[in-house]
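Okay, so here's the structure we're looking at.
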Amino acid sequence: MGTNYKPETLCVQAGYKPGKGEPRVLPIYQSTTFKYDNSDQMGRLFDLEEAGYFYTRLQNPTNDAVAAKITALEGGIAGMLTSSGQAANYYAVFNICEAGDHFVCSSALYGGTFNLFGTTMKKQGISCTFIDPDASTEEIEAAFRPNTKALFAETISNPSLVVLDIERFAKIAHSHGVPLIVDNTFPTPINCRPFEWGADIVTHSTTKYMDGHAMSVGGAIIDSGNFDWEAQKEKFPGLTLPDESYHGIVYTEKFGKLAYIQKATAQLMRDLGSIQSPQNAFLLNVGLETLHLRMPRHCGNAAKVAEYLQQHEKVAWVNFAGLKDNKYYLLAQKYMPNGTCGVISFGLKGGRDVSVGFMDRLKLAAIVTHVADARTCVLHPASHTHRQMTDDQLAAAGVAADLIRFSVGIENAEDIIADLGQALAAI
């Protein structure tokens with residue numbers, strides 16, 4: 001579809017255009033393989049001389065249609081789906097980093113990503129320096145090294161809800177000749193478009209708001225096409241030097257601005273295989289069709305819940321960037337003027353044990369290892385998603401011991417508030 005369409009239209013119609021007599025709804029191409037008439041046709045696909053499908057581990061028409069929709073929403077030039085948000089973040093960094101390389105990352109980060117970057121990738125010889133996203137530009141720049149290949153952050157961090165100063169981070173990254181990669185899961189492109197503020201690569205856990213119904217795990221990587229890999233040729237040999245596993249193809253020469261996603265698909269997906277299933281991509285597409293309707297409801301409900309909690313005598317603190325006294329309110333107004341997300345965090349007077357007891361008394365809100373669902377859900381990160389972290393690591397990630405992550409759904413706001421009220425009354 002043309003780029004002149006508004007997000008609402010893109011949510012419904014981008015990515016798939018049926019021809020005469022073809023299904024109006026995106027089909028599920030539930031096939032591992034695709035037929036060709038002769039050996040030469042297949043050979044050209046394996047040499048990357050022609051575009052096409054030959055094995056679903058690399059690409060599938062259902063997946064590509066959904067990736068194209070997310071790409072259109074973000075305003076990028078190319079995208080790919082992965083089996084999870086974790087896989088998306090791994091591929092996004094590993095596509096330009098190899099053993100001996102380094103990258104800089106915000107410490108306000110989802111616990112799983114913190115482990116991936118700080119522990120697992122370290123075992124592969126890729127080191128990461130975590131920095132406070134609110135640190136001064138000078139402090140952040142001090143973390144860069146000659147072998148630094150990327151700067152990574154979340155637009156709204158999970159669960160600390162730090163709002164990233166995207167423009168500042170982009171300038172820092174570009175001054176050091178590396179791309180800014182941002183995880184835009186919480187606001188989604190409905191509320192925030194990082195490419196417009198200088199980000200180069202966007203990732204998503206599509207499991208969250210994009211799917212929206214807790215039905216399918218998935219991830220996505222979108223490339224803006226704006227980073228000039230050739231201008232930093234010595235930094236990114238995987239893109240700018242011959243790939244011997246593909247007969248010496250140089251991705252930047254062969255594919256131009258599409259080089260980053262082409263390499264991630266042809267090389268990483270080929271070798272690591274974290275493909276999203278066509279069935280899950282189909283379910284994701286159904287969720288995307290109503291994303292523009294659900295996000296305002298999530299944000300509106302969250303604002304009402306945050307205001308209620310802020311005034312409650314048993315609540316110690318509330319963190320929601322939509323509140324005017326929040327430290328990130330002005331940044332949120334700059335980057336996400338229509339709303340941030342439906343996730344808030346808060347703590348109760350009495351600390352960690354009281355917070356956990358309160359959660360157990362909720363009836364409408366369910367304790368689940370999930371967030372950004374149509375249904376209201378709640379989690380205590382220090383006991384659940386971040387329990388592997390030390391107290392110092394929790395503090396660096398902005399996760400207080402009493403922090404309750406409350407993901408406000410699209411139910412009636414009065415019912416959600418009533419559930420909170422009865423649980424608070426019982427502690």
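So you can find residues: chains in the structure tokens are A, B, ... in the order shown, residues in each start at 1, and ligands are numbered from 1 in order.
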Each residue of segment 51-135 of chain A with at least one atom at most 7 Å from segment 241-265 of chain A should appear once, together with its nearest atom pair and the corresponding distance in Å (one decimal); atoms considered: only C-alpha atoms; ordering: chain, then increasing residue number; output as a Markdown table.
```
| residue | atom | partner | partner_atom | distance |
| --- | --- | --- | --- | --- |
| A:Leu58 | CA | A:Thr265 | CA | 6.2 |
| A:Ala78 | CA | A:Ile261 | CA | 6.5 |
| A:Gly79 | CA | A:Ile261 | CA | 6.4 |
| A:Tyr91 | CA | A:Ala264 | CA | 6.9 |
| A:Asn95 | CA | A:Ala264 | CA | 5.9 |
```
Include C-alpha atoms and write out the residues we just selected as a PDB file, in the first residue's frame.
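The resulting file, result.pdb, is reproduced below:
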```pdb
ATOM      1  CA  LEU A  58      13.616 -18.752   5.822  1.00  0.00           C
ATOM      2  CA  ALA A  78      11.767  -3.940   5.129  1.00  0.00           C
ATOM      3  CA  GLY A  79      10.898  -6.259   7.974  1.00  0.00           C
ATOM      4  CA  TYR A  91      18.850 -11.246  15.641  1.00  0.00           C
ATOM      5  CA  ASN A  95      23.134  -9.380  12.616  1.00  0.00           C
TER       6      ASN A  95
END
```
Query raised in the report: Taking the backbone alone, and naming residues the way the document does, which bits of segment 287-373 of chain A are helix (DSSP H, G or I) by DSSP, as a VMD selection string?
Result: chain A and resid 287 to 288 291 to 310 329 to 335 352 to 360
**Report entry** Test item, strand (DSSP E) assignment across segment 110-331 of chain A, answer as a ChimeraX atom specification
**Finding:** /A:127-131,148-154,180-183,201-205,219-223,315-319
How about saving the chosen residues, N, CA and C atoms kept, as a PDB file, in the first residue's frame?
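Output contents, as saved in selection33.pdb:
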```pdb
ATOM      1  N   SER A 127      30.287  -8.561  23.986  1.00  0.00           N
ATOM      2  CA  SER A 127      30.132  -7.910  25.283  1.00  0.00           C
ATOM      3  C   SER A 127      29.167  -6.735  25.203  1.00  0.00           C
ATOM      4  N   CYS A 128      28.570  -6.412  26.352  1.00  0.00           N
ATOM      5  CA  CYS A 128      27.584  -5.343  26.415  1.00  0.00           C
ATOM      6  C   CYS A 128      27.837  -4.499  27.657  1.00  0.00           C
ATOM      7  N   THR A 129      27.786  -3.202  27.497  1.00  0.00           N
ATOM      8  CA  THR A 129      27.875  -2.282  28.629  1.00  0.00           C
ATOM      9  C   THR A 129      26.507  -1.652  28.851  1.00  0.00           C
ATOM     10  N   PHE A 130      25.958  -1.831  30.055  1.00  0.00           N
ATOM     11  CA  PHE A 130      24.649  -1.262  30.375  1.00  0.00           C
ATOM     12  C   PHE A 130      24.829   0.140  30.959  1.00  0.00           C
ATOM     13  N   ILE A 131      24.003   1.058  30.469  1.00  0.00           N
ATOM     14  CA  ILE A 131      24.070   2.454  30.930  1.00  0.00           C
ATOM     15  C   ILE A 131      22.679   2.910  31.368  1.00  0.00           C
ATOM     16  N   THR A 148      32.595  -0.973  19.433  1.00  0.00           N
ATOM     17  CA  THR A 148      31.153  -0.851  19.670  1.00  0.00           C
ATOM     18  C   THR A 148      30.413  -0.809  18.336  1.00  0.00           C
ATOM     19  N   LYS A 149      29.341  -1.619  18.222  1.00  0.00           N
ATOM     20  CA  LYS A 149      28.641  -1.742  16.941  1.00  0.00           C
ATOM     21  C   LYS A 149      27.183  -1.278  16.979  1.00  0.00           C
ATOM     22  N   ALA A 150      26.630  -0.991  18.171  1.00  0.00           N
ATOM     23  CA  ALA A 150      25.231  -0.580  18.230  1.00  0.00           C
ATOM     24  C   ALA A 150      24.916   0.032  19.582  1.00  0.00           C
ATOM     25  N   LEU A 151      23.835   0.811  19.619  1.00  0.00           N
ATOM     26  CA  LEU A 151      23.243   1.315  20.853  1.00  0.00           C
ATOM     27  C   LEU A 151      21.808   0.795  20.884  1.00  0.00           C
ATOM     28  N   PHE A 152      21.403   0.198  22.012  1.00  0.00           N
ATOM     29  CA  PHE A 152      20.094  -0.452  22.111  1.00  0.00           C
ATOM     30  C   PHE A 152      19.332   0.103  23.311  1.00  0.00           C
ATOM     31  N   ALA A 153      18.006   0.273  23.134  1.00  0.00           N
ATOM     32  CA  ALA A 153      17.155   0.727  24.240  1.00  0.00           C
ATOM     33  C   ALA A 153      15.699   0.392  23.929  1.00  0.00           C
ATOM     34  N   GLU A 154      14.852   0.524  24.948  1.00  0.00           N
ATOM     35  CA  GLU A 154      13.412   0.343  24.771  1.00  0.00           C
ATOM     36  C   GLU A 154      12.731   1.699  24.798  1.00  0.00           C
ATOM     37  N   LEU A 180      21.099   3.075  16.049  1.00  0.00           N
ATOM     38  CA  LEU A 180      20.278   2.984  17.251  1.00  0.00           C
ATOM     39  C   LEU A 180      19.193   1.946  16.994  1.00  0.00           C
ATOM     40  N   ILE A 181      19.166   0.918  17.834  1.00  0.00           N
ATOM     41  CA  ILE A 181      18.146  -0.126  17.762  1.00  0.00           C
ATOM     42  C   ILE A 181      17.211   0.074  18.951  1.00  0.00           C
ATOM     43  N   VAL A 182      15.907   0.171  18.689  1.00  0.00           N
ATOM     44  CA  VAL A 182      14.962   0.364  19.785  1.00  0.00           C
ATOM     45  C   VAL A 182      13.860  -0.687  19.743  1.00  0.00           C
ATOM     46  N   ASP A 183      13.522  -1.174  20.928  1.00  0.00           N
ATOM     47  CA  ASP A 183      12.393  -2.081  21.102  1.00  0.00           C
ATOM     48  C   ASP A 183      11.163  -1.212  21.355  1.00  0.00           C
ATOM     49  N   ILE A 201      16.787   0.893  13.585  1.00  0.00           N
ATOM     50  CA  ILE A 201      16.171  -0.438  13.591  1.00  0.00           C
ATOM     51  C   ILE A 201      15.152  -0.475  14.721  1.00  0.00           C
ATOM     52  N   VAL A 202      13.999  -1.068  14.461  1.00  0.00           N
ATOM     53  CA  VAL A 202      12.973  -1.228  15.493  1.00  0.00           C
ATOM     54  C   VAL A 202      12.682  -2.716  15.671  1.00  0.00           C
ATOM     55  N   THR A 203      12.545  -3.142  16.921  1.00  0.00           N
ATOM     56  CA  THR A 203      12.121  -4.508  17.203  1.00  0.00           C
ATOM     57  C   THR A 203      10.805  -4.488  17.972  1.00  0.00           C
ATOM     58  N   HIS A 204      10.121  -5.622  17.947  1.00  0.00           N
ATOM     59  CA  HIS A 204       8.870  -5.766  18.677  1.00  0.00           C
ATOM     60  C   HIS A 204       8.752  -7.173  19.243  1.00  0.00           C
ATOM     61  N   SER A 205       8.179  -7.270  20.427  1.00  0.00           N
ATOM     62  CA  SER A 205       7.566  -8.519  20.834  1.00  0.00           C
ATOM     63  C   SER A 205       6.118  -8.405  20.374  1.00  0.00           C
ATOM     64  N   GLY A 219       7.785 -12.162  17.257  1.00  0.00           N
ATOM     65  CA  GLY A 219       8.602 -10.957  17.251  1.00  0.00           C
ATOM     66  C   GLY A 219       8.726 -10.396  15.851  1.00  0.00           C
ATOM     67  N   ALA A 220       9.275  -9.195  15.753  1.00  0.00           N
ATOM     68  CA  ALA A 220       9.479  -8.558  14.452  1.00  0.00           C
ATOM     69  C   ALA A 220      10.689  -7.645  14.509  1.00  0.00           C
ATOM     70  N   ILE A 221      11.372  -7.523  13.377  1.00  0.00           N
ATOM     71  CA  ILE A 221      12.469  -6.572  13.199  1.00  0.00           C
ATOM     72  C   ILE A 221      12.138  -5.727  11.976  1.00  0.00           C
ATOM     73  N   ILE A 222      12.227  -4.411  12.124  1.00  0.00           N
ATOM     74  CA  ILE A 222      11.942  -3.498  11.024  1.00  0.00           C
ATOM     75  C   ILE A 222      13.157  -2.598  10.806  1.00  0.00           C
ATOM     76  N   ASP A 223      13.541  -2.441   9.550  1.00  0.00           N
ATOM     77  CA  ASP A 223      14.675  -1.596   9.189  1.00  0.00           C
ATOM     78  C   ASP A 223      14.165  -0.303   8.563  1.00  0.00           C
ATOM     79  N   VAL A 315      -1.428   3.537  48.753  1.00  0.00           N
ATOM     80  CA  VAL A 315      -0.474   3.473  47.640  1.00  0.00           C
ATOM     81  C   VAL A 315       0.699   4.405  47.915  1.00  0.00           C
ATOM     82  N   ALA A 316       1.915   3.870  47.837  1.00  0.00           N
ATOM     83  CA  ALA A 316       3.122   4.659  48.131  1.00  0.00           C
ATOM     84  C   ALA A 316       3.559   5.502  46.937  1.00  0.00           C
ATOM     85  N   TRP A 317       3.437   4.946  45.764  1.00  0.00           N
ATOM     86  CA  TRP A 317       3.881   5.659  44.561  1.00  0.00           C
ATOM     87  C   TRP A 317       3.227   5.061  43.323  1.00  0.00           C
ATOM     88  N   VAL A 318       3.130   5.857  42.256  1.00  0.00           N
ATOM     89  CA  VAL A 318       2.568   5.417  40.974  1.00  0.00           C
ATOM     90  C   VAL A 318       3.479   5.920  39.868  1.00  0.00           C
ATOM     91  N   ASN A 319       3.777   5.054  38.909  1.00  0.00           N
ATOM     92  CA  ASN A 319       4.597   5.438  37.757  1.00  0.00           C
ATOM     93  C   ASN A 319       3.798   5.236  36.478  1.00  0.00           C
TER      94      ASN A 319
END
```
Query raised in the report: Of the candidates A:Cys97, A:Val66, A:Ile416, A:Val162, which one gets nearest to Gly398 of chain A if we count only C-alpha atoms?
Result: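 Smallest separation from Gly398 of chain A among the options: A:Val162.
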Requested in this report: Find the distance between atom CA of Gln59 of chain A and atom CA of Thr206 of chain A and write it in Å to one decimal.
Outcome: 17.5 Å
Report summary line: From the list A:Arg270, A:Gly218, A:Ala366, A:Val408, the nearest residue to Ala88 of chain A using only C-alpha atoms is A:Gly218
Residue contacts of segment 282-285 of chain A (7 Å, only C-alpha atoms) excluding same-chain residues fewer than 5 positions away, as a compact mmCIF listing (two decimals) with N, CA and C atoms, in the first residue's frame:
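The new file out.txt reads:
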```txt
# COMPACT_ATOMS: atom_id res chain seq x y z
N ILE A 28 -3.34 -18.77 5.28
CA ILE A 28 -2.25 -19.40 6.01
C ILE A 28 -1.55 -20.36 5.05
N THR A 62 2.70 -15.94 4.23
CA THR A 62 1.87 -15.40 5.31
C THR A 62 2.69 -14.49 6.20
N VAL A 66 2.48 -10.16 6.84
CA VAL A 66 2.32 -9.54 8.16
C VAL A 66 3.51 -8.65 8.48
N MET A 210 0.38 -6.01 19.77
CA MET A 210 0.09 -6.30 18.36
C MET A 210 -0.82 -7.51 18.21
N ASP A 211 -0.47 -8.61 18.88
CA ASP A 211 -1.39 -9.75 18.93
C ASP A 211 -2.60 -9.37 19.78
N SER A 216 -0.60 -15.79 20.61
CA SER A 216 0.56 -16.28 19.86
C SER A 216 1.81 -15.49 20.21
```
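Close contacts of Glu167 of chain A, defined as residues with an atom at most 7 Å away when counting only C-alpha atoms, with chain neighbours fewer than 2 positions off set aside, comprise Asp165, Phe169, Ala170, Lys171, Trp197 and Gly198 of chain A.
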Requested in this report: Would you list the contacts of segment 401-407 of chain A as an MDAnalysis selection string, taking every protein, DNA or RNA residue within 9 Å and counting only C-alpha atoms, but skipping same-chain residues closer than 2 positions in sequence?
Outcome: chainID A and resid 158:160 298 302 341:348 350:356 359 365 370:373 375:383 391 394:395 399 409
Please produce a file of the residues just selected, as a compact mmCIF listing (two decimals), in the first residue's frame, where the atoms kept are N, CA and C atoms.
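The resulting file, part-v4.txt, is shown below:
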```
# COMPACT_ATOMS: atom_id res chain seq x y z
N ASN A 158 10.25 -2.04 30.03
CA ASN A 158 9.43 -3.04 30.71
C ASN A 158 10.26 -3.64 31.85
N PRO A 159 9.86 -3.46 33.11
CA PRO A 159 8.62 -2.87 33.61
C PRO A 159 8.79 -1.48 34.22
N SER A 160 10.00 -0.88 34.12
CA SER A 160 10.27 0.36 34.85
C SER A 160 9.60 1.58 34.22
N HIS A 298 -6.72 1.09 25.89
CA HIS A 298 -5.72 0.72 26.90
C HIS A 298 -5.19 1.97 27.61
N ALA A 302 -5.82 3.11 31.46
CA ALA A 302 -4.64 3.21 32.32
C ALA A 302 -4.57 4.57 33.01
N CYS A 341 1.11 3.75 26.78
CA CYS A 341 0.68 2.35 26.72
C CYS A 341 -0.28 2.11 27.88
N GLY A 342 -0.75 0.90 28.01
CA GLY A 342 -1.69 0.59 29.06
C GLY A 342 -1.06 0.00 30.30
N VAL A 343 0.27 0.06 30.39
CA VAL A 343 0.97 -0.53 31.54
C VAL A 343 1.34 0.56 32.53
N ILE A 344 1.03 0.34 33.79
CA ILE A 344 1.46 1.24 34.85
C ILE A 344 2.19 0.41 35.90
N SER A 345 2.94 1.08 36.75
CA SER A 345 3.56 0.39 37.88
C SER A 345 3.32 1.20 39.14
N PHE A 346 3.25 0.51 40.26
CA PHE A 346 3.04 1.20 41.53
C PHE A 346 3.52 0.32 42.67
N GLY A 347 3.68 0.93 43.84
CA GLY A 347 4.06 0.21 45.04
C GLY A 347 3.12 0.58 46.17
N LEU A 348 2.99 -0.29 47.13
CA LEU A 348 2.10 -0.06 48.26
C LEU A 348 2.89 0.24 49.52
N GLY A 350 4.21 -0.30 52.98
CA GLY A 350 4.44 -1.57 53.65
C GLY A 350 5.40 -2.45 52.89
N GLY A 351 5.69 -2.08 51.62
CA GLY A 351 6.74 -2.76 50.88
C GLY A 351 6.35 -4.03 50.15
N ARG A 352 7.36 -4.85 49.93
CA ARG A 352 7.25 -6.01 49.06
C ARG A 352 6.18 -7.01 49.50
N ASP A 353 6.17 -7.38 50.75
CA ASP A 353 5.22 -8.40 51.21
C ASP A 353 3.77 -7.93 51.07
N VAL A 354 3.53 -6.67 51.36
CA VAL A 354 2.18 -6.12 51.23
C VAL A 354 1.76 -6.12 49.77
N SER A 355 2.69 -5.77 48.87
CA SER A 355 2.39 -5.74 47.43
C SER A 355 1.99 -7.13 46.94
N VAL A 356 2.74 -8.15 47.37
CA VAL A 356 2.44 -9.51 46.95
C VAL A 356 1.09 -9.96 47.50
N MET A 359 -1.79 -8.47 45.46
CA MET A 359 -1.99 -9.13 44.15
C MET A 359 -2.83 -10.39 44.30
N ALA A 365 -8.32 -8.91 37.70
CA ALA A 365 -6.96 -8.93 37.16
C ALA A 365 -6.29 -10.25 37.51
N HIS A 370 2.60 -12.29 31.62
CA HIS A 370 2.25 -11.65 30.35
C HIS A 370 1.94 -10.19 30.63
N VAL A 371 1.89 -9.42 29.58
CA VAL A 371 1.59 -8.00 29.67
C VAL A 371 1.01 -7.57 28.33
N ALA A 372 0.26 -6.46 28.34
CA ALA A 372 -0.27 -5.88 27.11
C ALA A 372 -1.29 -6.78 26.43
N ASP A 373 -2.20 -7.30 27.24
CA ASP A 373 -3.26 -8.18 26.78
C ASP A 373 -4.57 -7.40 26.81
N ARG A 375 -7.03 -8.42 28.29
CA ARG A 375 -7.47 -8.64 29.67
C ARG A 375 -6.48 -8.02 30.65
N THR A 376 -6.99 -7.41 31.70
CA THR A 376 -6.14 -6.83 32.72
C THR A 376 -5.34 -7.92 33.43
N CYS A 377 -4.04 -7.69 33.57
CA CYS A 377 -3.18 -8.68 34.22
C CYS A 377 -2.14 -7.97 35.09
N VAL A 378 -1.56 -8.72 36.00
CA VAL A 378 -0.67 -8.14 36.99
C VAL A 378 0.50 -9.08 37.26
N LEU A 379 1.63 -8.49 37.64
CA LEU A 379 2.84 -9.27 37.89
C LEU A 379 3.71 -8.53 38.90
N HIS A 380 4.47 -9.28 39.69
CA HIS A 380 5.46 -8.69 40.59
C HIS A 380 6.83 -9.06 40.04
N PRO A 381 7.45 -8.17 39.25
CA PRO A 381 8.69 -8.51 38.53
C PRO A 381 9.81 -9.06 39.41
N ALA A 382 10.00 -8.48 40.60
CA ALA A 382 11.10 -8.94 41.45
C ALA A 382 10.92 -10.40 41.86
N SER A 383 9.68 -10.88 41.88
CA SER A 383 9.41 -12.27 42.23
C SER A 383 9.25 -13.16 41.01
N ASP A 391 19.88 -7.62 43.82
CA ASP A 391 19.27 -6.35 44.21
C ASP A 391 19.90 -5.18 43.47
N LEU A 394 18.54 -5.19 39.95
CA LEU A 394 17.16 -4.71 39.97
C LEU A 394 17.14 -3.19 40.05
N ALA A 395 17.97 -2.63 40.90
CA ALA A 395 18.01 -1.18 41.04
C ALA A 395 18.46 -0.52 39.74
N VAL A 399 13.80 -1.48 38.74
CA VAL A 399 12.75 -2.37 39.24
C VAL A 399 12.83 -2.41 40.77
N GLY A 409 -6.30 -3.61 30.90
CA GLY A 409 -6.94 -4.14 29.71
C GLY A 409 -7.99 -3.21 29.12
```
Requested in this report: Could you check how far atom CA of Met80 of chain A sits from atom CA of Lys233 of chain A, in Å to one decimal?
Outcome: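 Pair atom CA of Met80 of chain A / atom CA of Lys233 of chain A returns 23.7 Å.
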Query raised in the report: What is the distance, in Å and to one decimal place, between atom CA of Thr340 of chain A and atom CA of Pro187 of chain A?
Result: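 These two atoms are separated by 5.3 Å.
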Query raised in the report: Got a sec: who's within 9 Å of Phe54 of chain A, counting only C-alpha atoms, leaving out chain neighbours fewer than 6 positions off, as a ChimeraX atom specification?
Result: /A:32-36,42,45-46,60
Include C-alpha atoms and write out the residues we just selected as a compact mmCIF listing (two decimals), in the first residue's frame.
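Generated output (selection.txt):
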```txt
# COMPACT_ATOMS: atom_id res chain seq x y z
CA THR A 32 7.21 -26.25 4.60
CA THR A 33 8.22 -26.21 0.94
CA PHE A 34 7.35 -24.62 -2.40
CA LYS A 35 7.47 -26.20 -5.87
CA TYR A 36 9.50 -25.08 -8.89
CA MET A 42 15.60 -23.53 -7.37
CA LEU A 45 16.85 -18.92 -5.17
CA PHE A 46 19.65 -20.50 -3.14
CA ASN A 60 6.76 -17.78 4.12
```
**Report entry** Counting only C-alpha atoms, the residue of A:Asn301, A:Thr120, A:Asn280, A:Asn326 that sits nearest Ala413 of chain A
**Finding:**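 Ranking A:Asn301, A:Thr120, A:Asn280, A:Asn326 by distance to Ala413 of chain A, first place goes to A:Asn301.
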Report task. Go through A:Gln279, A:Ser274, A:Thr137, A:Asn63 one by one, measure the shortest atom-to-atom distance of each to Tyr16 of chain A using only C-alpha atoms, and give the residue with the smallest value. Result ->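 With only C-alpha atoms as the atom set, the closest residue is A:Asn63.
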